[in-house]
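K.L.:
mmCIF, C-alpha atoms and all ligand atoms, saved as final.cif, coming up:
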data_protein
#
loop_
_atom_site.label_atom_id
_atom_site.label_comp_id
_atom_site.auth_asym_id
_atom_site.auth_seq_id
_atom_site.Cartn_x
_atom_site.Cartn_y
_atom_site.Cartn_z
CA MET A 1 23.18 47.69 -28.99
CA THR A 2 26.77 47.95 -27.85
CA ALA A 3 27.49 48.48 -24.17
CA ILE A 4 30.54 50.67 -24.62
CA SER A 5 30.40 53.94 -26.53
CA GLN A 6 32.20 53.70 -29.87
CA ASP A 7 33.69 57.12 -29.03
CA VAL A 8 35.76 55.53 -26.24
CA ILE A 9 37.20 53.06 -28.75
CA ASP A 10 37.67 55.56 -31.58
CA SER A 11 39.42 58.16 -29.45
CA GLN A 12 41.79 55.56 -28.07
CA ASN A 13 42.49 54.19 -31.55
CA GLN A 14 43.16 57.68 -32.93
CA GLY A 15 45.64 58.31 -30.14
CA ALA A 16 47.46 55.07 -30.95
CA ASP A 17 47.22 55.49 -34.71
CA THR A 18 50.64 56.95 -35.53
CA THR A 19 52.76 54.63 -33.43
CA LEU A 20 50.72 51.59 -34.40
CA SER A 21 51.09 52.32 -38.11
CA ARG A 22 54.83 52.90 -37.78
CA ASP A 23 55.39 49.73 -35.78
CA TYR A 24 53.16 47.77 -38.15
CA ASP A 25 55.09 49.00 -41.18
CA ALA A 26 58.39 48.17 -39.52
CA LEU A 27 57.27 44.60 -38.80
CA GLY A 28 55.81 44.42 -42.31
CA GLU A 29 59.23 45.26 -43.75
CA GLN A 30 60.92 42.66 -41.60
CA LEU A 31 58.39 40.00 -42.63
CA THR A 32 58.74 40.92 -46.30
CA ARG A 33 62.43 39.99 -46.00
CA ARG A 34 61.22 36.62 -44.69
CA GLY A 35 58.86 36.27 -47.65
CA VAL A 36 55.73 36.90 -45.60
CA ASP A 37 52.92 39.32 -46.47
CA ILE A 38 51.92 40.97 -43.20
CA ASN A 39 48.48 41.98 -44.44
CA ALA A 40 47.59 38.41 -45.34
CA ILE A 41 48.49 37.35 -41.79
CA THR A 42 46.53 40.26 -40.28
CA GLU A 43 43.47 39.32 -42.29
CA LYS A 44 43.57 35.68 -41.21
CA VAL A 45 44.15 36.48 -37.56
CA ALA A 46 41.44 39.14 -37.44
CA ALA A 47 38.97 36.63 -38.85
CA PHE A 48 39.85 34.03 -36.22
CA GLY A 49 37.28 33.77 -33.47
CA VAL A 50 37.04 31.84 -30.25
CA ALA A 51 33.83 31.21 -28.32
CA VAL A 52 33.30 32.51 -24.81
CA PRO A 53 31.63 30.20 -22.31
CA SER A 54 28.70 31.86 -20.57
CA TRP A 55 30.00 30.69 -17.19
CA GLY A 56 33.37 32.33 -17.85
CA VAL A 57 32.04 35.85 -17.26
CA GLY A 58 31.19 35.00 -13.66
CA THR A 59 33.96 34.83 -11.06
CA GLY A 60 35.18 31.28 -10.63
CA GLY A 61 36.18 29.53 -7.48
CA THR A 62 37.94 26.55 -6.04
CA ARG A 63 36.69 23.79 -3.74
CA PHE A 64 37.97 26.00 -0.92
CA ALA A 65 36.22 29.25 -1.63
CA ARG A 66 34.78 31.63 -4.13
CA PHE A 67 35.30 35.36 -3.79
CA PRO A 68 32.58 37.10 -5.79
CA GLY A 69 33.51 40.12 -7.86
CA LEU A 70 31.68 43.38 -8.31
CA GLY A 71 28.80 43.53 -10.74
CA GLU A 72 28.70 39.84 -11.47
CA PRO A 73 26.10 38.75 -14.03
CA ARG A 74 22.83 37.66 -12.42
CA ASP A 75 21.53 35.56 -15.29
CA ILE A 76 22.19 34.58 -18.88
CA PHE A 77 21.07 37.98 -20.14
CA ASP A 78 23.63 39.79 -17.99
CA LYS A 79 26.18 37.24 -19.15
CA LEU A 80 25.37 38.00 -22.78
CA ASP A 81 25.85 41.71 -22.04
CA ASP A 82 29.35 40.94 -20.73
CA CYS A 83 30.11 38.66 -23.68
CA GLY A 84 29.00 41.50 -25.97
CA VAL A 85 31.61 43.80 -24.39
CA ILE A 86 34.37 41.24 -24.93
CA HIS A 87 33.48 40.90 -28.59
CA GLN A 88 32.94 44.61 -29.11
CA LEU A 89 36.44 45.43 -27.88
CA THR A 90 38.41 42.48 -29.25
CA GLY A 91 36.38 41.40 -32.28
CA ALA A 92 37.66 37.94 -31.41
CA THR A 93 34.71 36.28 -29.64
CA PRO A 94 31.68 36.17 -31.95
CA SER A 95 29.92 33.31 -30.17
CA VAL A 96 28.81 32.19 -26.74
CA SER A 97 28.57 28.65 -25.43
CA LEU A 98 25.63 28.01 -23.11
CA HIS A 99 25.53 25.70 -20.14
CA ILE A 100 22.24 24.04 -19.31
CA PRO A 101 20.49 24.28 -16.90
CA TRP A 102 22.44 27.34 -15.67
CA ASP A 103 21.48 29.33 -18.77
CA LYS A 104 18.05 27.90 -19.42
CA ALA A 105 15.75 30.60 -20.82
CA ASN A 106 13.13 31.22 -23.42
CA ALA A 107 14.64 30.60 -26.88
CA SER A 108 13.25 33.71 -28.54
CA ASP A 109 14.51 35.89 -25.67
CA LEU A 110 17.98 34.35 -26.05
CA ILE A 111 17.98 34.91 -29.80
CA ALA A 112 16.85 38.52 -29.43
CA LYS A 113 19.50 39.30 -26.82
CA ALA A 114 22.29 37.66 -28.80
CA LYS A 115 21.24 39.52 -31.95
CA ASP A 116 21.26 42.80 -30.05
CA LYS A 117 24.82 42.09 -28.89
CA GLY A 118 26.06 40.88 -32.28
CA LEU A 119 26.63 37.37 -30.97
CA ARG A 120 25.62 33.85 -31.97
CA PHE A 121 25.45 30.61 -30.05
CA ASP A 122 28.23 28.05 -30.06
CA ALA A 123 28.08 24.47 -28.70
CA MET A 124 25.55 23.62 -26.00
CA ASN A 125 26.98 22.18 -22.79
CA SER A 126 25.04 19.67 -20.74
CA ASN A 127 25.48 19.33 -17.00
CA THR A 128 25.22 15.93 -15.35
CA PHE A 129 28.04 16.50 -12.88
CA GLN A 130 25.94 18.17 -10.20
CA ASP A 131 22.40 17.74 -8.88
CA GLN A 132 19.71 20.29 -9.55
CA THR A 133 17.00 20.95 -6.98
CA GLU A 134 14.12 19.54 -9.00
CA GLN A 135 16.01 16.46 -10.10
CA GLN A 136 14.76 12.96 -9.21
CA HIS A 137 17.97 10.90 -9.31
CA SER A 138 21.36 11.94 -7.94
CA TYR A 139 24.56 12.00 -9.97
CA LYS A 140 26.69 11.35 -6.91
CA PHE A 141 27.75 8.00 -8.37
CA GLY A 142 27.65 8.97 -12.00
CA SER A 143 25.31 10.00 -14.79
CA LEU A 144 25.57 8.49 -18.28
CA SER A 145 27.48 5.54 -16.80
CA HIS A 146 25.49 5.16 -13.56
CA THR A 147 24.69 1.63 -12.41
CA ASP A 148 21.01 2.59 -12.16
CA ALA A 149 19.09 2.66 -15.46
CA ALA A 150 16.69 5.40 -14.35
CA THR A 151 19.61 7.71 -13.50
CA ARG A 152 21.21 7.03 -16.87
CA LYS A 153 17.92 7.79 -18.60
CA GLN A 154 17.61 11.06 -16.71
CA ALA A 155 21.11 12.04 -17.91
CA VAL A 156 20.30 11.02 -21.50
CA ASP A 157 17.06 13.01 -21.40
CA HIS A 158 18.91 16.07 -20.11
CA ASN A 159 21.34 15.91 -23.04
CA ILE A 160 18.42 15.62 -25.45
CA GLU A 161 16.83 18.65 -23.79
CA CYS A 162 20.08 20.56 -24.46
CA ILE A 163 19.89 19.58 -28.14
CA GLU A 164 16.27 20.77 -28.32
CA LEU A 165 17.06 24.20 -26.88
CA GLY A 166 20.17 24.38 -29.04
CA LYS A 167 18.13 23.72 -32.18
CA ALA A 168 15.82 26.58 -31.25
CA ILE A 169 18.67 29.11 -30.86
CA GLY A 170 20.82 28.13 -33.83
CA SER A 171 23.48 26.05 -32.12
CA THR A 172 24.84 23.08 -34.06
CA ALA A 173 26.80 21.13 -31.46
CA LEU A 174 26.53 19.47 -28.10
CA THR A 175 29.51 19.13 -25.78
CA VAL A 176 29.31 16.32 -23.27
CA TRP A 177 31.60 16.15 -20.31
CA VAL A 178 30.74 13.87 -17.41
CA GLY A 179 32.17 13.76 -13.92
CA ASP A 180 31.63 9.98 -13.85
CA GLY A 181 34.40 7.82 -12.50
CA SER A 182 35.42 6.34 -9.17
CA ASN A 183 37.36 7.32 -6.09
CA PHE A 184 38.65 3.88 -5.03
CA PRO A 185 40.18 0.90 -6.78
CA GLY A 186 37.47 -1.73 -7.00
CA GLN A 187 34.66 0.79 -6.53
CA THR A 188 33.50 0.24 -10.09
CA ASN A 189 33.98 -2.30 -12.82
CA LEU A 190 35.97 -0.23 -15.30
CA THR A 191 34.76 -2.14 -18.37
CA ALA A 192 31.10 -2.34 -17.41
CA GLN A 193 31.07 1.35 -16.52
CA PHE A 194 32.44 2.32 -19.93
CA GLU A 195 29.93 0.02 -21.63
CA ARG A 196 27.11 1.79 -19.84
CA TYR A 197 28.59 5.14 -20.84
CA LEU A 198 28.77 4.12 -24.50
CA ASP A 199 25.17 2.83 -24.49
CA SER A 200 23.92 6.10 -23.02
CA ALA A 201 26.06 8.22 -25.33
CA LYS A 202 24.62 6.29 -28.31
CA GLU A 203 21.12 7.23 -27.21
CA VAL A 204 22.14 10.90 -27.16
CA TYR A 205 23.96 10.60 -30.50
CA ASP A 206 20.85 9.06 -32.09
CA LYS A 207 18.94 12.25 -31.31
CA LEU A 208 21.57 14.51 -32.87
CA PRO A 209 20.26 16.48 -35.88
CA ASP A 210 22.05 15.69 -39.16
CA ASP A 211 23.92 19.00 -39.24
CA TRP A 212 25.04 18.77 -35.62
CA ARG A 213 28.22 17.52 -34.02
CA LEU A 214 28.71 15.78 -30.72
CA TYR A 215 31.88 16.68 -28.83
CA THR A 216 33.09 14.57 -25.96
CA GLU A 217 35.68 15.92 -23.60
CA HIS A 218 38.23 13.78 -21.77
CA LYS A 219 39.59 14.64 -18.33
CA ILE A 220 42.23 12.74 -16.44
CA TYR A 221 40.85 13.28 -12.95
CA GLU A 222 38.46 15.34 -10.84
CA PRO A 223 35.80 15.26 -9.54
CA ALA A 224 36.51 11.52 -9.48
CA PHE A 225 40.02 11.04 -8.15
CA TYR A 226 40.90 7.41 -8.84
CA SER A 227 39.47 6.97 -12.33
CA THR A 228 37.33 8.86 -14.78
CA VAL A 229 35.25 7.18 -17.46
CA VAL A 230 36.65 9.37 -20.23
CA GLN A 231 40.15 9.78 -18.86
CA ASP A 232 42.25 10.50 -21.92
CA TRP A 233 42.29 11.05 -25.67
CA GLY A 234 42.50 7.30 -26.31
CA THR A 235 39.17 6.66 -24.64
CA ASN A 236 37.80 9.82 -26.21
CA TYR A 237 38.83 8.55 -29.64
CA LEU A 238 37.15 5.19 -28.96
CA ILE A 239 33.94 7.02 -28.12
CA ALA A 240 34.04 9.12 -31.28
CA GLN A 241 34.80 6.03 -33.37
CA THR A 242 32.01 4.01 -31.76
CA LEU A 243 29.36 6.71 -32.04
CA GLY A 244 29.85 7.72 -35.66
CA ASP A 245 30.81 10.39 -38.17
CA ARG A 246 29.38 13.32 -36.27
CA ALA A 247 31.17 12.52 -33.01
CA TYR A 248 34.46 14.29 -32.36
CA CYS A 249 37.02 14.61 -29.59
CA LEU A 250 37.33 17.90 -27.77
CA VAL A 251 40.73 18.72 -26.30
CA ASP A 252 40.68 20.78 -23.11
CA LEU A 253 44.29 21.78 -22.50
CA GLY A 254 44.01 21.51 -18.73
CA HIS A 255 42.59 18.00 -18.74
CA HIS A 256 45.94 16.25 -19.07
CA ALA A 257 48.73 15.25 -16.74
CA PRO A 258 51.50 17.87 -16.50
CA ASN A 259 53.94 17.81 -19.44
CA VAL A 260 51.77 15.63 -21.65
CA ASN A 261 52.54 16.33 -25.30
CA ILE A 262 49.19 17.85 -26.23
CA GLU A 263 50.29 19.04 -29.67
CA MET A 264 50.98 15.43 -30.54
CA ILE A 265 47.49 14.41 -29.45
CA VAL A 266 46.20 17.17 -31.70
CA ALA A 267 48.26 15.86 -34.62
CA ARG A 268 46.94 12.31 -34.15
CA LEU A 269 43.32 13.42 -33.91
CA ILE A 270 43.70 15.53 -37.04
CA GLN A 271 45.28 12.61 -38.89
CA PHE A 272 42.37 10.33 -38.03
CA LYS A 273 39.74 13.05 -38.56
CA LYS A 274 38.43 13.11 -35.04
CA LEU A 275 39.61 16.46 -33.73
CA GLY A 276 36.51 18.44 -32.80
CA GLY A 277 38.08 21.49 -31.24
CA PHE A 278 39.51 22.96 -28.07
CA HIS A 279 38.82 24.33 -24.67
CA PHE A 280 41.67 26.76 -24.19
CA ASN A 281 43.19 27.48 -20.79
CA ASP A 282 46.53 26.95 -19.10
CA SER A 283 47.82 25.01 -16.14
CA LYS A 284 50.85 24.62 -13.93
CA TYR A 285 50.09 21.63 -11.75
CA GLY A 286 46.77 20.08 -12.68
CA ASP A 287 43.50 21.23 -14.13
CA ASP A 288 44.20 24.73 -12.89
CA ASP A 289 41.98 26.48 -15.44
CA LEU A 290 44.37 29.43 -15.58
CA ASP A 291 44.15 32.00 -18.35
CA THR A 292 45.19 30.84 -21.80
CA ALA A 293 48.95 31.13 -22.34
CA ALA A 294 49.45 32.50 -18.82
CA ILE A 295 51.97 29.78 -18.02
CA ASP A 296 53.18 28.20 -21.24
CA PRO A 297 52.57 30.25 -24.38
CA TYR A 298 55.00 28.03 -26.28
CA ARG A 299 52.74 25.02 -25.81
CA LEU A 300 49.82 26.97 -27.23
CA PHE A 301 52.00 27.99 -30.16
CA LEU A 302 52.99 24.37 -30.80
CA ILE A 303 49.33 23.38 -30.90
CA PHE A 304 48.62 26.10 -33.44
CA ASN A 305 51.67 25.00 -35.35
CA GLU A 306 49.94 21.65 -35.87
CA LEU A 307 46.71 23.36 -36.91
CA VAL A 308 48.42 25.63 -39.43
CA ASP A 309 50.48 22.73 -40.76
CA ALA A 310 47.31 20.68 -41.30
CA ASP A 311 45.64 23.67 -42.93
CA ASP A 312 48.54 23.95 -45.36
CA GLN A 313 48.24 20.23 -46.14
CA GLY A 314 44.50 20.60 -46.69
CA THR A 315 43.72 18.17 -43.89
CA LEU A 316 42.35 20.62 -41.34
CA ASP A 317 38.66 20.40 -40.52
CA GLN A 318 37.39 23.94 -41.10
CA SER A 319 34.60 23.57 -38.53
CA LEU A 320 36.73 23.15 -35.42
CA ALA A 321 35.10 24.47 -32.25
CA HIS A 322 37.43 26.86 -30.43
CA MET A 323 36.38 27.95 -26.97
CA LEU A 324 37.95 29.45 -23.87
CA ASP A 325 37.35 27.46 -20.69
CA GLN A 326 38.95 29.06 -17.66
CA SER A 327 38.24 29.92 -14.05
CA HIS A 328 38.81 33.55 -13.17
CA ASN A 329 39.39 33.69 -9.46
CA VAL A 330 41.46 36.85 -8.99
CA THR A 331 40.85 38.92 -12.12
CA ASP A 332 37.92 40.69 -13.74
CA PRO A 333 36.55 37.86 -15.93
CA ILE A 334 35.95 40.23 -18.84
CA GLU A 335 39.61 41.30 -18.82
CA SER A 336 40.83 37.71 -18.57
CA LEU A 337 38.61 36.56 -21.41
CA MET A 338 39.69 39.45 -23.64
CA GLN A 339 43.35 38.79 -22.91
CA SER A 340 42.91 35.05 -23.50
CA ALA A 341 41.10 35.52 -26.82
CA MET A 342 44.04 37.69 -27.90
CA GLU A 343 46.52 35.05 -26.74
CA VAL A 344 44.79 32.50 -28.95
CA GLN A 345 45.07 34.89 -31.89
CA ARG A 346 48.71 35.55 -31.03
CA ALA A 347 49.57 31.84 -31.12
CA TYR A 348 47.79 31.55 -34.44
CA ALA A 349 49.67 34.55 -35.88
CA GLN A 350 53.01 33.16 -34.72
CA ALA A 351 52.23 29.75 -36.19
CA LEU A 352 51.43 31.41 -39.51
CA LEU A 353 54.96 32.84 -39.54
CA VAL A 354 56.67 29.44 -39.64
CA ASP A 355 58.44 28.93 -42.94
CA ARG A 356 56.87 25.56 -43.73
CA SER A 357 59.06 24.66 -46.69
CA ALA A 358 62.22 25.49 -44.74
CA LEU A 359 60.94 23.40 -41.84
CA ALA A 360 60.13 20.48 -44.12
CA ALA A 361 63.66 20.63 -45.56
CA TYR A 362 65.22 20.62 -42.08
CA GLN A 363 63.03 17.68 -41.16
CA SER A 364 63.93 15.60 -44.19
CA ASN A 365 67.63 16.35 -43.63
CA ASN A 366 67.28 15.43 -39.95
CA ASP A 367 68.58 18.87 -38.98
CA ALA A 368 67.03 18.89 -35.53
CA LEU A 369 68.70 22.09 -34.41
CA MET A 370 67.56 24.21 -37.35
CA ALA A 371 64.07 22.68 -37.33
CA ALA A 372 63.65 23.69 -33.69
CA GLN A 373 65.08 27.14 -34.45
CA GLU A 374 62.61 27.67 -37.28
CA LEU A 375 59.76 27.22 -34.79
CA LYS A 376 61.50 29.43 -32.24
CA ARG A 377 62.02 32.19 -34.80
CA ALA A 378 58.30 32.33 -35.47
CA PHE A 379 57.47 32.14 -31.76
CA ARG A 380 59.91 34.91 -30.88
CA THR A 381 58.34 37.34 -33.35
CA ASP A 382 56.36 40.01 -31.55
CA VAL A 383 53.04 39.98 -33.41
CA GLU A 384 51.23 42.38 -31.07
CA VAL A 385 50.90 45.02 -33.80
CA ILE A 386 49.36 42.48 -36.17
CA LEU A 387 46.66 41.74 -33.61
CA ALA A 388 46.13 45.43 -32.82
CA MET A 389 45.95 46.45 -36.48
CA GLY A 390 43.43 43.67 -37.14
CA ARG A 391 41.24 45.05 -34.36
CA VAL A 392 41.55 48.68 -35.45
CA ARG A 393 40.58 47.75 -39.01
CA LYS A 394 37.41 46.18 -37.58
CA HIS A 395 36.71 49.27 -35.42
CA CYS A 396 37.51 47.30 -32.28
CA ALA A 397 39.96 48.54 -29.67
CA ALA A 398 43.69 48.79 -30.35
CA ASP A 399 44.14 48.09 -26.64
CA PRO A 400 40.99 46.33 -25.36
CA ILE A 401 42.01 46.22 -21.69
CA ALA A 402 42.77 49.98 -21.61
CA ALA A 403 39.53 50.80 -23.44
CA TYR A 404 37.56 48.58 -21.07
CA ARG A 405 39.04 50.26 -18.03
CA ARG A 406 38.40 53.68 -19.47
CA SER A 407 34.77 52.78 -20.17
CA ALA A 408 34.16 51.99 -16.47
CA TYR A 409 31.77 49.25 -17.61
CA ARG A 410 32.27 47.21 -14.46
CA ASP A 411 31.40 50.13 -12.18
CA THR A 412 28.31 50.85 -14.24
CA VAL A 413 26.96 47.30 -14.07
CA ALA A 414 27.91 46.97 -10.40
CA LYS A 415 25.28 49.62 -9.66
CA GLU A 416 22.57 47.53 -11.31
CA ARG A 417 23.75 44.10 -10.24
CA PRO A 418 23.77 43.46 -6.51
CA LEU A 419 26.62 41.48 -5.00
CA VAL A 420 25.66 37.80 -5.12
CA ALA A 421 26.73 35.49 -2.34
CA ALA A 422 27.12 32.37 -4.44
CA GLY A 423 25.91 30.94 -7.71
CA SER A 424 27.14 28.20 -9.93
CA SER A 425 30.75 28.59 -10.89
CA GLY A 426 31.17 25.45 -12.89
CA ILE A 427 34.49 24.49 -14.35
CA VAL A 428 34.41 21.76 -16.92
MN MN A 501 36.43 22.17 -20.68
#
Before we go any further, please render this structure as structure tokens.

P.N.:
Amino acid sequence: MTAISQDVIDSQNQGADTTLSRDYDALGEQLTRRGVDINAITEKVAAFGVAVPSWGVGTGGTRFARFPGLGEPRDIFDKLDDCGVIHQLTGATPSVSLHIPWDKANASDLIAKAKDKGLRFDAMNSNTFQDQTEQQHSYKFGSLSHTDAATRKQAVDHNIECIELGKAIGSTALTVWVGDGSNFPGQTNLTAQFERYLDSAKEVYDKLPDDWRLYTEHKIYEPAFYSTVVQDWGTNYLIAQTLGDRAYCLVDLGHHAPNVNIEMIVARLIQFKKLGGFHFNDSKYGDDDLDTAAIDPYRLFLIFNELVDADDQGTLDQSLAHMLDQSHNVTDPIESLMQSAMEVQRAYAQALLVDRSALAAYQSNNDALMAAQELKRAFRTDVEVILAMGRVRKHCAADPIAAYRRSAYRDTVAKERPLVAAGSSGIV
């Protein structure tokens, strides 16, 4: 059952119909002159989905404070309601990624709720970066790479538990991110710690069903501030290589030093068949977890440029896991997630507009200026109407944010959901 009345969406779409069609036709004409079929682009973009993380619909926080929002989800079922709204309005988020133990629930209840909301389950996320109340061993000094064997075993067992629940709800992937590392030079033996990590990760990998994938996520710093066990894509690649064919590297945009050439990392991982997918977000100074494309939409475009290029070459893995991973501290999380899903689609649409044969010619002639301009031309194209038309054709909202505000969904759920003082606002 959908949370927002289809009438709200339809009446808005009817109101926008004339101008949208005219603007769409005008862009279509322009693209025809460039040899591009606008409807083919619209179809591809409308079919492109990105997963929403269950924890994303709650208000985030920093290590300083968390300011709860109105009507925050109380449990995974409330979260799935919110995720259903995002997908209903944008048509861009067909799946939800669960975080265990935050979202632990009866499998059949989860399946029933997801079915009711028209959603499915994406990768499972384990959590060995914080202690749970019932837990025997602390992760203060690490989890999969801990010096103590019993703590490592506890972390391995937790990951296996995530696989088990995932199997029951139709997930086919496990994402592992650990907070393991060190805060002081000398605190840990860097080599021995990574060996312990690999041994533990192998135990998890051995329990992976044949049709599953294991994604490992690198992160340069935080919560460990001197070193992290999986600090960059090089280490991540070594893990994927060591574990086997079903292990892939996940690229979280925020988990790099400022100005790192992420699109190049993407290209390398594609070339060596180890790109697993993305956690989309944006950052200015560190792992800021800002909304996707809020700071640097060109970087997101350049990443999609690599993906589309690989797709054209036939080298793109068609099972990449695309997910949003952001912290919404000052916005309504539903609005941020809708906007971000649309930003991902926008970058994809723009990347599809690159004239690949013209670009290849500029590259082989070493015409740096024109090569750069070819990318810029695609990036400068306003593809908003392509995104909107794709949504309208799927009976989603031409303007999801406006439709959401008109629906007063947040006010409605705020009456049922009491203001919560805290709750886990994990950012991984
Ligand atoms: Mn992440």

K.L.:
For each of A:Tyr24, A:Tyr362, A:Tyr215, A:Phe184, take the minimum atom-to-atom distance to ligand MN 501 (chain A), counting all atoms listed in the file, then give the residue where this is smallest.

P.N.:
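Of all the options, A:Tyr215 lies closest to ligand MN 501 (chain A).
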
K.L.:
Select from chain A every residue with an atom at most 10 Å from any atom of ligand MN 501 (chain A), then for each give the shortest pair of atoms and their distance in Å to one decimal, using all atoms listed in the file, rows by chain and rising number, as CSV.

P.N.:
residue,atom,partner,partner_atom,distance
A:Pro53,CA,A:MN501,MN,9.5
A:Asn125,CA,A:MN501,MN,9.7
A:Thr175,CA,A:MN501,MN,9.1
A:Val176,CA,A:MN501,MN,9.6
A:Trp177,CA,A:MN501,MN,7.7
A:Thr216,CA,A:MN501,MN,9.8
A:Glu217,CA,A:MN501,MN,6.9
A:His218,CA,A:MN501,MN,8.6
A:Lys219,CA,A:MN501,MN,8.5
A:Leu250,CA,A:MN501,MN,8.3
A:Val251,CA,A:MN501,MN,7.9
A:Asp252,CA,A:MN501,MN,5.1
A:Leu253,CA,A:MN501,MN,8.1
A:Gly254,CA,A:MN501,MN,7.9
A:His255,CA,A:MN501,MN,7.7
A:Phe278,CA,A:MN501,MN,8.0
A:His279,CA,A:MN501,MN,5.1
A:Phe280,CA,A:MN501,MN,7.8
A:Asn281,CA,A:MN501,MN,8.6
A:Asp287,CA,A:MN501,MN,9.7
A:Asp289,CA,A:MN501,MN,8.8
A:Met323,CA,A:MN501,MN,8.5
A:Leu324,CA,A:MN501,MN,8.1
A:Asp325,CA,A:MN501,MN,5.4
A:Gln326,CA,A:MN501,MN,7.9
A:Gly426,CA,A:MN501,MN,10.0
A:Ile427,CA,A:MN501,MN,7.0
A:Val428,CA,A:MN501,MN,4.3

K.L.:
Could you name the residues that touch Ala51 (chain A) at 8 Å or less, counting only C-alpha atoms, but leaving out those on the same chain fewer than 3 positions away, as a ChimeraX atom specification?

P.N.:
/A:93-97,122,321-324

K.L.:
Restricting the calculation to all atoms listed in the file: of A:Gly84, A:Gly142, A:Gly166, A:Gly71, which residue gets closest to Gln193 (chain A)?

P.N.:
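So, comparing all the options, the nearest one is A:Gly142.
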
K.L.:
Of the candidates A:Ser340, A:Ser54, A:Ser182, A:Asn159, which one gets nearest to Lys202 (chain A) if we count only C-alpha atoms?

P.N.:
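Checking each candidate against Lys202 (chain A), we get A:Asn159 as the closest.
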
K.L.:
In Å to one decimal, how far is CA of Ala47 (chain A) from CA of Ala92 (chain A)?

P.N.:
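Separation between CA of Ala92 (chain A) and CA of Ala47 (chain A): 7.7 Å.
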
K.L.:
Between CA of Tyr298 (chain A) and CA of Ala371 (chain A), what is the distance, to one decimal in Å?

P.N.:
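So the two atoms, CA of Tyr298 (chain A) and CA of Ala371 (chain A), lie 15.3 Å apart.
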
K.L.:
Which residue out of A:Leu165, A:Met389, A:Ile239, A:Leu31 has the minimum interatomic distance to Leu353 (chain A) when only C-alpha atoms are used?

P.N.:
A:Leu31

K.L.:
So what do you get for CA of Lys284 (chain A) versus CA of Asn305 (chain A), distance-wise?

P.N.:
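Answer for the CA of Lys284 (chain A) to CA of Asn305 (chain A) separation: 21.4 Å.
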
K.L.:
For region 225-238 of chain A, supply N, CA and C atoms and report the output as a compact mmCIF listing (two decimals), keeping the file's coordinate frame.

P.N.:
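Saved file selection.txt follows:
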# COMPACT_ATOMS: atom_id res chain seq x y z
N PHE A 225 38.57 10.95 -8.36
CA PHE A 225 40.02 11.04 -8.15
C PHE A 225 40.82 9.78 -8.43
N TYR A 226 40.14 8.62 -8.51
CA TYR A 226 40.90 7.41 -8.84
C TYR A 226 40.83 7.13 -10.34
N SER A 227 39.62 7.21 -10.89
CA SER A 227 39.47 6.97 -12.33
C SER A 227 38.34 7.82 -12.87
N THR A 228 38.47 8.23 -14.12
CA THR A 228 37.33 8.86 -14.78
C THR A 228 36.98 8.00 -15.99
N VAL A 229 35.72 8.04 -16.37
CA VAL A 229 35.25 7.18 -17.46
C VAL A 229 35.89 7.57 -18.79
N VAL A 230 36.02 8.89 -18.99
CA VAL A 230 36.65 9.37 -20.23
C VAL A 230 37.94 10.06 -19.81
N GLN A 231 38.96 9.25 -19.53
CA GLN A 231 40.15 9.78 -18.86
C GLN A 231 41.17 10.42 -19.80
N ASP A 232 41.22 9.95 -21.04
CA ASP A 232 42.25 10.50 -21.92
C ASP A 232 41.79 10.46 -23.37
N TRP A 233 42.68 10.93 -24.26
CA TRP A 233 42.29 11.05 -25.67
C TRP A 233 42.08 9.69 -26.32
N GLY A 234 42.69 8.66 -25.76
CA GLY A 234 42.50 7.30 -26.31
C GLY A 234 41.05 6.86 -26.13
N THR A 235 40.56 7.01 -24.91
CA THR A 235 39.17 6.66 -24.64
C THR A 235 38.24 7.59 -25.42
N ASN A 236 38.61 8.85 -25.47
CA ASN A 236 37.80 9.82 -26.21
C ASN A 236 37.70 9.41 -27.68
N TYR A 237 38.82 8.99 -28.23
CA TYR A 237 38.83 8.55 -29.64
C TYR A 237 37.94 7.31 -29.83
N LEU A 238 37.99 6.40 -28.87
CA LEU A 238 37.15 5.19 -28.96
C LEU A 238 35.67 5.57 -28.97
